[in-house]
$ cat entry.cif   # mmCIF, C-alpha atoms and all ligand atoms
data_data
#
loop_
_atom_site.label_atom_id
_atom_site.label_comp_id
_atom_site.auth_asym_id
_atom_site.auth_seq_id
_atom_site.Cartn_x
_atom_site.Cartn_y
_atom_site.Cartn_z
CA GLU A 1180 172.86 23.10 55.19
CA GLU A 1181 169.48 24.29 56.20
CA PHE A 1182 166.71 23.89 53.68
CA GLU A 1183 164.48 26.90 53.31
CA PRO A 1184 161.10 26.12 51.81
CA ILE A 1185 160.42 28.29 48.79
CA GLU A 1186 157.05 29.37 50.25
CA ALA A 1187 158.77 31.19 53.07
CA ALA A 1188 160.80 33.29 50.68
CA ARG A 1189 157.76 34.43 48.74
CA PRO A 1190 156.12 37.71 49.53
CA GLU A 1191 152.73 37.25 51.10
CA THR A 1192 150.33 36.21 48.36
CA PRO A 1193 147.51 38.65 47.86
CA VAL A 1194 144.41 37.19 49.46
CA LYS A 1195 141.89 39.56 47.92
CA PRO A 1196 141.03 38.29 44.46
CA MET A 1197 140.45 40.81 41.67
CA THR A 1198 136.85 40.61 40.49
CA ALA A 1199 134.74 42.46 37.95
CA THR A 1200 131.78 42.35 40.31
CA GLU A 1201 132.41 44.60 43.27
CA VAL A 1202 132.27 43.04 46.73
CA LYS A 1203 131.14 45.42 49.45
CA VAL A 1204 130.31 45.14 53.13
CA ASN A 1205 127.29 45.96 55.29
CA VAL A 1206 127.83 48.21 58.30
CA SER A 1207 125.22 48.49 61.06
CA ILE A 1208 127.20 50.43 63.68
CA PRO A 1209 129.95 53.01 63.14
CA GLU A 1210 132.12 51.15 65.68
CA ALA A 1211 132.45 48.35 63.12
CA ALA A 1212 133.81 50.65 60.39
CA GLU A 1213 137.48 49.87 60.92
CA ARG A 1214 136.98 46.11 60.92
CA ALA A 1215 134.72 46.43 57.87
CA ALA A 1216 137.28 48.49 55.95
CA ALA A 1217 140.03 46.01 56.81
CA THR A 1218 138.22 43.32 54.82
CA GLY A 1219 139.34 45.08 51.64
CA ALA A 1220 135.72 45.50 50.59
CA ASP A 1221 135.09 47.81 47.64
CA GLY A 1222 132.84 50.02 49.74
CA VAL A 1223 129.85 49.89 52.04
CA GLY A 1224 126.78 48.42 50.36
CA LEU A 1225 124.53 49.36 53.26
CA LEU A 1226 125.15 51.74 56.13
CA ARG A 1227 122.17 51.59 58.48
CA ILE A 1228 121.59 54.77 60.45
CA GLU A 1229 118.96 53.16 62.74
CA HIS A 1230 121.49 52.35 65.43
CA MET A 1231 122.81 55.92 65.43
CA VAL A 1232 119.27 57.13 66.05
CA LEU A 1233 118.11 54.41 68.47
CA SER A 1234 121.25 54.91 70.57
CA LEU A 1235 120.16 58.49 71.23
CA GLY A 1236 117.46 56.93 73.42
CA LYS A 1237 114.73 59.18 72.08
CA THR A 1238 112.57 59.14 69.00
CA PRO A 1239 113.88 61.54 66.35
CA GLU A 1240 110.88 63.80 66.97
CA ARG A 1241 111.55 63.94 70.73
CA TYR A 1242 115.28 64.39 70.26
CA ILE A 1243 114.77 67.27 67.86
CA ARG A 1244 112.21 68.86 70.19
CA ASP A 1245 114.55 68.59 73.20
CA HIS A 1246 117.93 69.32 71.59
CA GLY A 1247 117.20 71.00 68.27
CA SER A 1248 117.56 69.84 64.70
CA ARG A 1249 121.22 70.83 64.49
CA ALA A 1250 122.10 68.44 67.33
CA TYR A 1251 120.21 65.65 65.58
CA GLN A 1252 122.14 66.33 62.37
CA ASP A 1253 125.41 66.38 64.35
CA ALA A 1254 124.70 62.95 65.84
CA LEU A 1255 124.12 61.48 62.38
CA ILE A 1256 127.14 63.27 60.96
CA GLU A 1257 129.38 61.83 63.65
CA GLY A 1258 128.28 58.26 62.88
CA ILE A 1259 128.25 58.50 59.09
CA ARG A 1260 131.52 60.40 59.00
CA THR A 1261 133.31 57.66 60.98
CA VAL A 1262 132.42 55.21 58.23
CA ALA A 1263 132.97 57.60 55.31
CA ASP A 1264 136.43 58.47 56.68
CA GLU A 1265 137.41 54.86 57.14
CA PHE A 1266 136.39 53.95 53.58
CA TYR A 1267 137.32 57.08 51.67
CA PRO A 1268 137.33 57.18 48.65
CA ARG A 1269 135.42 53.90 48.50
CA PRO A 1270 131.66 54.59 48.33
CA VAL A 1271 129.43 54.37 51.38
CA ARG A 1272 125.78 53.73 50.61
CA THR A 1273 123.94 55.47 53.42
CA ARG A 1274 120.33 54.54 53.94
CA THR A 1275 117.77 56.93 55.38
CA ILE A 1276 116.02 55.75 58.50
CA ASP A 1277 114.05 52.53 58.45
CA ALA A 1278 112.80 51.38 61.85
CA PRO A 1279 109.27 50.07 62.41
CA THR A 1280 106.99 51.76 64.97
CA ASP A 1281 107.45 48.95 67.51
CA GLU A 1282 111.17 49.76 67.69
CA PHE A 1283 110.55 53.48 68.07
CA ARG A 1284 108.05 52.74 70.83
CA GLU A 1285 110.87 51.49 73.08
CA LEU A 1286 112.40 54.98 73.09
CA GLU A 1287 111.63 58.10 75.08
CA GLY A 1288 108.83 59.76 73.19
CA GLY A 1289 107.79 56.38 71.81
CA ASP A 1290 104.41 56.55 73.53
CA GLY A 1291 103.42 58.83 70.67
CA GLU A 1292 103.93 56.04 68.14
CA PRO A 1293 100.78 54.59 66.55
CA THR A 1294 99.81 51.05 67.50
CA GLU A 1295 99.98 48.86 64.42
CA HIS A 1296 98.80 45.27 64.02
CA ASN A 1297 101.41 44.69 61.34
CA PRO A 1298 104.34 47.05 61.83
CA MET A 1299 106.25 45.36 59.01
CA LEU A 1300 103.39 46.25 56.65
CA GLY A 1301 103.02 49.62 58.24
CA TRP A 1302 104.58 52.96 58.80
CA ARG A 1303 108.27 52.47 58.13
CA GLY A 1304 111.02 53.38 55.69
CA ILE A 1305 110.26 55.95 53.03
CA ARG A 1306 106.57 55.99 54.01
CA ARG A 1307 107.33 57.44 57.39
CA SER A 1308 109.99 59.77 55.96
CA LEU A 1309 107.58 61.24 53.43
CA ASP A 1310 104.85 61.61 56.06
CA LYS A 1311 107.28 63.15 58.56
CA PRO A 1312 109.39 65.35 56.31
CA ASP A 1313 110.64 67.35 59.29
CA VAL A 1314 112.68 64.34 60.41
CA PHE A 1315 113.60 63.21 56.88
CA LYS A 1316 114.87 66.72 56.11
CA GLN A 1317 117.31 66.57 59.02
CA GLU A 1318 118.77 63.30 57.72
CA LEU A 1319 119.18 64.81 54.27
CA ALA A 1320 120.65 68.00 55.76
CA ALA A 1321 123.23 65.88 57.62
CA ILE A 1322 124.21 64.17 54.38
CA ALA A 1323 124.31 67.50 52.52
CA ARG A 1324 126.68 68.87 55.19
CA LEU A 1325 128.92 65.80 54.84
CA LEU A 1326 129.00 66.23 51.06
CA ASP A 1327 129.95 69.87 51.60
CA MET A 1328 132.77 68.76 53.89
CA GLY A 1329 134.17 66.78 50.95
CA TYR A 1330 132.85 63.30 51.69
CA ASP A 1331 131.88 62.80 48.07
CA ASN A 1332 132.00 59.03 48.61
CA ILE A 1333 128.63 59.16 50.36
CA GLU A 1334 125.71 57.76 48.38
CA LEU A 1335 122.10 57.99 49.45
CA MET A 1336 119.74 54.99 49.52
CA LEU A 1337 115.97 55.02 50.07
CA PRO A 1338 114.30 52.09 51.86
CA LEU A 1339 110.95 50.43 51.18
CA VAL A 1340 109.93 52.35 48.08
CA ASN A 1341 107.05 50.94 46.06
CA ASP A 1342 106.90 53.10 42.97
CA ALA A 1343 107.97 56.27 41.18
CA VAL A 1344 105.55 58.34 43.27
CA ASP A 1345 107.63 57.50 46.36
CA VAL A 1346 110.90 58.12 44.55
CA GLU A 1347 109.89 61.42 42.92
CA ALA A 1348 108.60 62.71 46.26
CA ALA A 1349 111.87 61.77 47.95
CA LYS A 1350 113.86 63.32 45.11
CA GLY A 1351 112.04 66.59 45.73
CA HIS A 1352 113.31 66.54 49.30
CA LEU A 1353 116.84 65.77 48.15
CA LEU A 1354 116.82 68.80 45.88
CA GLU A 1355 115.41 70.96 48.64
CA ALA A 1356 118.19 69.81 50.98
CA GLY A 1357 120.80 70.84 48.43
CA ILE A 1358 121.70 67.31 47.34
CA ASP A 1359 122.08 67.26 43.56
CA PRO A 1360 120.75 63.93 42.25
CA GLU A 1361 122.66 64.54 39.01
CA ARG A 1362 125.97 64.84 40.82
CA ASN A 1363 125.62 62.69 43.92
CA ARG A 1364 124.90 59.03 43.54
CA TRP A 1365 121.55 57.93 44.92
CA GLY A 1366 119.28 54.93 44.59
CA VAL A 1367 116.62 52.72 46.07
CA MET A 1368 116.23 49.42 47.81
CA ILE A 1369 114.20 46.76 46.05
CA GLU A 1370 112.36 45.27 49.00
CA THR A 1371 108.78 44.95 47.84
CA PRO A 1372 107.50 43.02 44.84
CA ALA A 1373 105.97 46.33 43.70
CA SER A 1374 109.36 48.00 43.49
CA ALA A 1375 110.75 45.11 41.43
CA LEU A 1376 107.76 45.20 39.08
CA MET A 1377 108.03 48.99 38.75
CA ILE A 1378 111.77 49.13 38.09
CA GLU A 1379 111.42 50.86 34.72
CA GLU A 1380 109.47 53.69 36.32
CA LEU A 1381 111.95 53.91 39.21
CA ALA A 1382 114.82 54.10 36.74
CA ALA A 1383 113.08 56.93 34.91
CA ALA A 1384 113.27 58.97 38.12
CA GLY A 1385 117.04 59.05 37.59
CA ILE A 1386 118.33 56.61 40.21
CA ASP A 1387 121.92 55.41 39.89
CA PHE A 1388 121.42 52.07 41.59
CA ALA A 1389 118.90 49.54 42.87
CA SER A 1390 119.86 47.29 45.78
CA PHE A 1391 118.01 44.12 46.71
CA GLY A 1392 116.94 44.06 50.34
CA THR A 1393 116.28 40.35 50.30
CA ASN A 1394 115.25 40.18 53.96
CA ASP A 1395 112.18 42.20 53.17
CA LEU A 1396 111.81 41.15 49.52
CA THR A 1397 111.55 37.53 50.67
CA GLN A 1398 109.15 38.40 53.48
CA TYR A 1399 106.82 40.34 51.19
CA THR A 1400 107.05 38.06 48.15
CA LEU A 1401 106.31 34.89 50.12
CA ALA A 1402 104.09 36.54 52.75
CA VAL A 1403 106.36 35.03 55.41
CA ASP A 1404 107.02 37.22 58.44
CA ARG A 1405 110.82 37.41 58.75
CA ASN A 1406 110.52 37.50 62.56
CA ASN A 1407 107.98 34.70 63.04
CA GLU A 1408 109.54 31.42 64.19
CA HIS A 1409 106.45 29.43 63.14
CA VAL A 1410 107.10 30.13 59.49
CA ALA A 1411 110.89 30.45 59.69
CA SER A 1412 111.42 27.28 57.65
CA ARG A 1413 109.41 28.86 54.83
CA PHE A 1414 111.59 31.96 54.73
CA ASP A 1415 113.58 31.12 51.62
CA GLU A 1416 115.59 33.87 49.95
CA LEU A 1417 116.37 31.45 47.13
CA HIS A 1418 112.72 30.70 46.40
CA PRO A 1419 112.17 30.76 42.61
CA ALA A 1420 109.65 33.60 42.98
CA VAL A 1421 112.22 35.77 44.75
CA LEU A 1422 114.92 34.86 42.24
CA ARG A 1423 112.60 35.62 39.33
CA LEU A 1424 111.89 39.11 40.67
CA ILE A 1425 115.60 39.70 41.20
CA GLY A 1426 116.66 38.27 37.83
CA ASP A 1427 114.09 40.28 35.90
CA THR A 1428 115.04 43.46 37.75
CA ILE A 1429 118.74 42.98 37.00
CA GLU A 1430 117.97 42.40 33.33
CA THR A 1431 115.95 45.62 33.08
CA CYS A 1432 118.55 47.58 35.05
CA ARG A 1433 121.30 46.40 32.71
CA GLU A 1434 119.30 47.62 29.72
CA LEU A 1435 118.72 50.97 31.40
CA GLY A 1436 122.23 51.49 32.78
CA VAL A 1437 121.22 51.28 36.44
CA ASP A 1438 123.68 49.53 38.80
CA THR A 1439 122.38 46.60 40.83
CA SER A 1440 123.42 45.24 44.17
CA ILE A 1441 122.27 43.17 47.12
CA CYS A 1442 122.44 44.26 50.75
CA GLY A 1443 120.17 41.71 52.44
CA GLN A 1444 121.57 38.79 54.46
CA ALA A 1445 121.41 36.55 51.39
CA GLY A 1446 124.32 38.50 49.92
CA SER A 1447 126.51 36.48 52.28
CA LYS A 1448 125.25 33.15 50.90
CA PRO A 1449 127.30 31.45 48.14
CA GLU A 1450 124.18 30.19 46.28
CA MET A 1451 122.77 33.70 46.05
CA VAL A 1452 126.13 35.17 45.09
CA GLU A 1453 126.44 32.61 42.29
CA PHE A 1454 122.96 33.42 40.98
CA LEU A 1455 123.59 37.18 41.09
CA VAL A 1456 126.94 37.02 39.32
CA GLU A 1457 125.39 34.83 36.62
CA GLN A 1458 122.69 37.45 36.16
CA GLY A 1459 125.28 40.21 35.84
CA VAL A 1460 124.80 42.06 39.12
CA SER A 1461 127.13 45.08 39.55
CA SER A 1462 128.05 44.43 43.17
CA VAL A 1463 127.23 42.29 46.17
CA SER A 1464 127.42 43.37 49.77
CA ALA A 1465 128.07 40.90 52.58
CA ASN A 1466 128.41 40.83 56.34
CA ILE A 1467 131.89 41.62 57.65
CA ASP A 1468 132.68 38.01 58.49
CA ALA A 1469 131.51 36.77 55.08
CA VAL A 1470 133.31 39.28 52.82
CA ARG A 1471 136.41 37.19 52.29
CA ASP A 1472 134.44 34.06 51.30
CA VAL A 1473 132.18 36.10 49.03
CA GLN A 1474 135.22 37.62 47.29
CA HIS A 1475 136.45 34.13 46.47
CA GLU A 1476 133.00 32.89 45.47
CA VAL A 1477 132.58 35.83 43.06
CA LYS A 1478 136.00 35.08 41.57
CA ARG A 1479 135.14 31.41 41.15
CA VAL A 1480 131.86 32.13 39.38
CA GLU A 1481 133.37 34.84 37.17
CA GLN A 1482 136.12 32.44 36.07
CA ARG A 1483 133.61 29.69 35.33
CA LEU A 1484 131.47 32.07 33.27
CA LEU A 1485 134.55 33.21 31.36
CA LEU A 1486 135.53 29.62 30.58
CA ASP A 1487 131.94 28.79 29.57
CA SER A 1488 131.90 31.75 27.18
CA VAL A 1489 135.00 30.68 25.25
CA ARG A 1490 134.02 27.02 25.08
C1 LIG A 1501 116.60 43.99 53.78
O1 LIG A 1501 115.37 44.15 53.92
O2 LIG A 1501 117.10 43.03 53.17
C2 LIG A 1501 117.53 45.00 54.32
C3 LIG A 1501 118.82 44.97 54.05
O3 LIG A 1501 117.00 45.94 55.18
P1 LIG A 1501 116.65 45.63 56.72
O4 LIG A 1501 117.19 44.29 57.03
O5 LIG A 1501 117.28 46.73 57.50
O6 LIG A 1501 115.16 45.70 56.69
MG MG A 1502 114.69 46.00 54.67
#

$ encode --input "entry.cif" --output "structure tokens" --more "lines below"
Ligand code: PEP
Ligand code: MG
Amino acid sequence: EEFEPIEAARPETPVKPMTATEVKVNVSIPEAAERAAATGADGVGLLRIEHMVLSLGKTPERYIRDHGSRAYQDALIEGIRTVADEFYPRPVRTRTIDAPTDEFRELEGGDGEPTEHNPMLGWRGIRRSLDKPDVFKQELAAIARLLDMGYDNIELMLPLVNDAVDVEAAKGHLLEAGIDPERNRWGVMIETPASALMIEELAAAGIDFASFGTNDLTQYTLAVDRNNEHVASRFDELHPAVLRLIGDTIETCRELGVDTSICGQAGSKPEMVEFLVEQGVSSVSANIDAVRDVQHEVKRVEQRLLLDSVR
């Protein structure tokens, strides 16, 4: 008589652990949406639109001049929609454009970009968007059109904010574009020490979430260029100064009812995930290939904390 191992008779065991902390995934190109969704992630913690823009081959200004603002919106809509469709109804945190001038300079029309000694300390993220509202408005219009189409899983995230002045100014543009900040979820990235120190003021602007961009937060906290090989060994996302900024921000956000998350590379590292779950972060977002491990790490830490609490 043939012996059938009991394992074989069992239905496939669920591999995605249930966790209180949400585990999301970062998406840099729409082509990765299907693979990202297949991880079972609870949503997209960061959808970068840079690639959608850079792949047009022209700066946004040049593209809009040559093809019109509607065509620029359409290009963004196509990319964002691919991801929003794949994940619906799971939320997709879509970030407005954040490319430094040296990346725009590679494109047609890039000769109009200013020359900066320190592009990473320069004209990028929300700074550029607020100074160039004509481009920012097209991004917001694209998102407003997607919301109108019924993609109510799209959330809006603002990069490189420093303070409530930045956030209030951006909020004004949201309202003008027909995006209701009371109804649609929106938030900011915490990427500068200033933004972490100003979290109370940012929360007062009505944001729903704050997401740690640890690539930049580490660079700016430690004054270590994230792209400079000579100081690469000093680029430490787990440096106590970085962790203190993050921990304090989470604590304040919990008091104020603002969700917290991470969408920098460190969100794929077990040590960071452990620290964040201990601090009570609402969600973590990891790279596609790291999602499964992060799901299990979150589960492990949550179970340990639960056991600690009843001991
Ligand atoms: C970050 O700074 O951690 C981040 C996620 O944004 P980017 O890497 O695009 O600057
Ligand atoms: Mg960043």

$ closest_residue --input "entry.cif" --among "A:Leu1337, A:Ile1256, A:Met1328, A:Val1470" --to "Glu1370 of chain A" --atoms "all atoms listed in the file"
A:Leu1337

$ residues_near_ligand --input "entry.cif" --ligand "ligand LIG 1501 (chain A)" --cutoff "6 Å" --atoms "all atoms listed in the file" --output "list of chain:residue names"
A:Glu1370, A:Gly1392, A:Thr1393, A:Asn1394, A:Asp1395, A:Cys1442, A:Gly1443

$ atom_distance --input "entry.cif" --atom1 "atom CA of Gly1301 of chain A" --atom2 "atom CA of Glu1408 of chain A"
20.2 Å

$ atom_distance --input "entry.cif" --atom1 "atom CA of Glu1347 of chain A" --atom2 "atom CA of Glu1380 of chain A"
10.2 Å

$ closest_atom_pairs --input "entry.cif" --of "chain A" --to "ligand MG 1502 (chain A)" --cutoff "12 Å" --atoms "all atoms listed in the file" --output "CSV"
residue,atom,partner,partner_atom,distance
A:Leu1225,CA,A:MG1502,MG,10.5
A:Arg1227,CA,A:MG1502,MG,10.1
A:Glu1229,CA,A:MG1502,MG,11.6
A:Arg1274,CA,A:MG1502,MG,10.3
A:Thr1275,CA,A:MG1502,MG,11.4
A:Ile1276,CA,A:MG1502,MG,10.6
A:Asp1277,CA,A:MG1502,MG,7.6
A:Ala1278,CA,A:MG1502,MG,9.2
A:Pro1279,CA,A:MG1502,MG,10.3
A:Met1299,CA,A:MG1502,MG,9.5
A:Leu1300,CA,A:MG1502,MG,11.5
A:Arg1303,CA,A:MG1502,MG,9.7
A:Gly1304,CA,A:MG1502,MG,8.3
A:Ile1305,CA,A:MG1502,MG,11.0
A:Met1336,CA,A:MG1502,MG,11.5
A:Leu1337,CA,A:MG1502,MG,10.2
A:Pro1338,CA,A:MG1502,MG,6.7
A:Leu1339,CA,A:MG1502,MG,6.8
A:Val1340,CA,A:MG1502,MG,10.3
A:Val1367,CA,A:MG1502,MG,11.1
A:Met1368,CA,A:MG1502,MG,7.8
A:Ile1369,CA,A:MG1502,MG,8.7
A:Glu1370,CA,A:MG1502,MG,6.2
A:Thr1371,CA,A:MG1502,MG,9.1
A:Ser1390,CA,A:MG1502,MG,10.4
A:Phe1391,CA,A:MG1502,MG,8.8
A:Gly1392,CA,A:MG1502,MG,5.3
A:Thr1393,CA,A:MG1502,MG,7.3
A:Asn1394,CA,A:MG1502,MG,5.9
A:Asp1395,CA,A:MG1502,MG,4.8
A:Leu1396,CA,A:MG1502,MG,7.6
A:Thr1397,CA,A:MG1502,MG,9.9
A:Gln1398,CA,A:MG1502,MG,9.5
A:Tyr1399,CA,A:MG1502,MG,10.3
A:Arg1405,CA,A:MG1502,MG,10.3
A:Ile1441,CA,A:MG1502,MG,11.1
A:Cys1442,CA,A:MG1502,MG,8.9
A:Gly1443,CA,A:MG1502,MG,7.3
A:Gln1444,CA,A:MG1502,MG,10.0

$ atom_distance --input "entry.cif" --atom1 "atom CA of Leu1309 of chain A" --atom2 "atom CA of Glu1282 of chain A"
18.7 Å

$ closest_residue --input "entry.cif" --among "A:Thr1238, A:Glu1457, A:Leu1485, A:Lys1448" --to "Asp1472 of chain A" --atoms "only C-alpha atoms"
A:Lys1448

$ closest_residue --input "entry.cif" --among "A:Gln1317, A:Leu1424, A:Pro1196, A:Ala1216" --to "Ala1250 of chain A" --atoms "all atoms listed in the file"
A:Gln1317

$ residues_near_point --input "entry.cif" --point "(114.2, 72.1, 59.2)" --cutoff "10 Å" --atoms "all atoms listed in the file" --output "PyMOL selection string"
chain A and resi 1243+1247-1249+1312-1317+1320+1356

$ axis_aligned_box --input "entry.cif" --around "segment 1203-1218 of chain A" --padding-each-side "4 Å" --output "lines of an AutoDock Vina configuration file"
center_x = 132.6
center_y = 48.2
center_z = 57.6
size_x = 22.8
size_y = 17.7
size_z = 24.2

$ closest_residue --input "entry.cif" --among "A:Asp1290, A:Gly1446, A:His1352, A:Glu1285" --to "Asp1310 of chain A" --atoms "all atoms listed in the file"
A:His1352

$ residues_around --input "entry.cif" --residues "Met1377 of chain A" --least-positions-apart "3" --cutoff "10 Å" --atoms "all atoms listed in the file" --output "JSON, numbers by chain"
{"A": [1341, 1342, 1343, 1369, 1371, 1372, 1373, 1374, 1380, 1381, 1382, 1428]}

$ residues_around --input "entry.cif" --residues "Gly1329 of chain A" --least-positions-apart "3" --cutoff "12 Å" --atoms "only C-alpha atoms" --output "list in words"
Arg1260, Ala1263, Asp1264, Tyr1267, Pro1268, Ile1322, Ala1323, Arg1324, Leu1325, Leu1326, Asn1332, Ile1333 and Asn1363 of chain A

$ closest_residue --input "entry.cif" --among "A:Leu1335, A:Ser1447, A:Lys1237, A:Leu1286" --to "Ala1465 of chain A" --atoms "only C-alpha atoms"
A:Ser1447

$ closest_residue --input "entry.cif" --among "A:Thr1218, A:Ser1308, A:Thr1273, A:Gln1482" --to "Pro1239 of chain A" --atoms "all atoms listed in the file"
A:Ser1308

$ residues_around --input "entry.cif" --residues "Val1202 of chain A" --least-positions-apart "4" --cutoff "6 Å" --atoms "only C-alpha atoms" --output "ChimeraX atom specification"
/A:1220-1221,1462-1464

$ build_atoms --input "entry.cif" --residues "segment 1339-1354 of chain A" --atoms "N, CA and C atoms" --output "mmCIF file, in the coordinates of the input"
data_model
loop_
_atom_site.group_PDB
_atom_site.id
_atom_site.type_symbol
_atom_site.label_atom_id
_atom_site.label_comp_id
_atom_site.auth_asym_id
_atom_site.auth_seq_id
_atom_site.Cartn_x
_atom_site.Cartn_y
_atom_site.Cartn_z
ATOM 1 N N LEU A 1339 112.369 50.787 51.256
ATOM 2 C CA LEU A 1339 110.950 50.430 51.180
ATOM 3 C C LEU A 1339 110.114 51.257 50.198
ATOM 4 N N VAL A 1340 110.708 51.649 49.103
ATOM 5 C CA VAL A 1340 109.930 52.350 48.080
ATOM 6 C C VAL A 1340 109.058 51.332 47.333
ATOM 7 N N ASN A 1341 107.922 51.793 46.851
ATOM 8 C CA ASN A 1341 107.050 50.940 46.060
ATOM 9 C C ASN A 1341 107.035 51.328 44.582
ATOM 10 N N ASP A 1342 107.148 52.631 44.340
ATOM 11 C CA ASP A 1342 106.900 53.100 42.970
ATOM 12 C C ASP A 1342 107.540 54.472 42.745
ATOM 13 N N ALA A 1343 107.343 54.999 41.544
ATOM 14 C CA ALA A 1343 107.970 56.270 41.180
ATOM 15 C C ALA A 1343 107.370 57.439 41.957
ATOM 16 N N VAL A 1344 106.146 57.264 42.464
ATOM 17 C CA VAL A 1344 105.550 58.340 43.270
ATOM 18 C C VAL A 1344 106.404 58.546 44.527
ATOM 19 N N ASP A 1345 106.746 57.435 45.187
ATOM 20 C CA ASP A 1345 107.630 57.500 46.360
ATOM 21 C C ASP A 1345 108.967 58.157 46.000
ATOM 22 N N VAL A 1346 109.539 57.701 44.897
ATOM 23 C CA VAL A 1346 110.900 58.120 44.550
ATOM 24 C C VAL A 1346 110.930 59.585 44.120
ATOM 25 N N GLU A 1347 109.938 60.009 43.347
ATOM 26 C CA GLU A 1347 109.890 61.420 42.920
ATOM 27 C C GLU A 1347 109.681 62.332 44.134
ATOM 28 N N ALA A 1348 108.832 61.896 45.058
ATOM 29 C CA ALA A 1348 108.600 62.710 46.260
ATOM 30 C C ALA A 1348 109.889 62.853 47.064
ATOM 31 N N ALA A 1349 110.609 61.733 47.211
ATOM 32 C CA ALA A 1349 111.870 61.770 47.950
ATOM 33 C C ALA A 1349 112.894 62.647 47.231
ATOM 34 N N LYS A 1350 112.907 62.534 45.904
ATOM 35 C CA LYS A 1350 113.860 63.320 45.110
ATOM 36 C C LYS A 1350 113.627 64.822 45.323
ATOM 37 N N GLY A 1351 112.365 65.195 45.442
ATOM 38 C CA GLY A 1351 112.040 66.590 45.730
ATOM 39 C C GLY A 1351 112.684 67.065 47.018
ATOM 40 N N HIS A 1352 112.677 66.189 48.024
ATOM 41 C CA HIS A 1352 113.310 66.540 49.300
ATOM 42 C C HIS A 1352 114.832 66.608 49.185
ATOM 43 N N LEU A 1353 115.393 65.726 48.376
ATOM 44 C CA LEU A 1353 116.840 65.770 48.150
ATOM 45 C C LEU A 1353 117.246 67.131 47.579
ATOM 46 N N LEU A 1354 116.524 67.524 46.547
ATOM 47 C CA LEU A 1354 116.820 68.800 45.880
ATOM 48 C C LEU A 1354 116.702 69.955 46.864
#
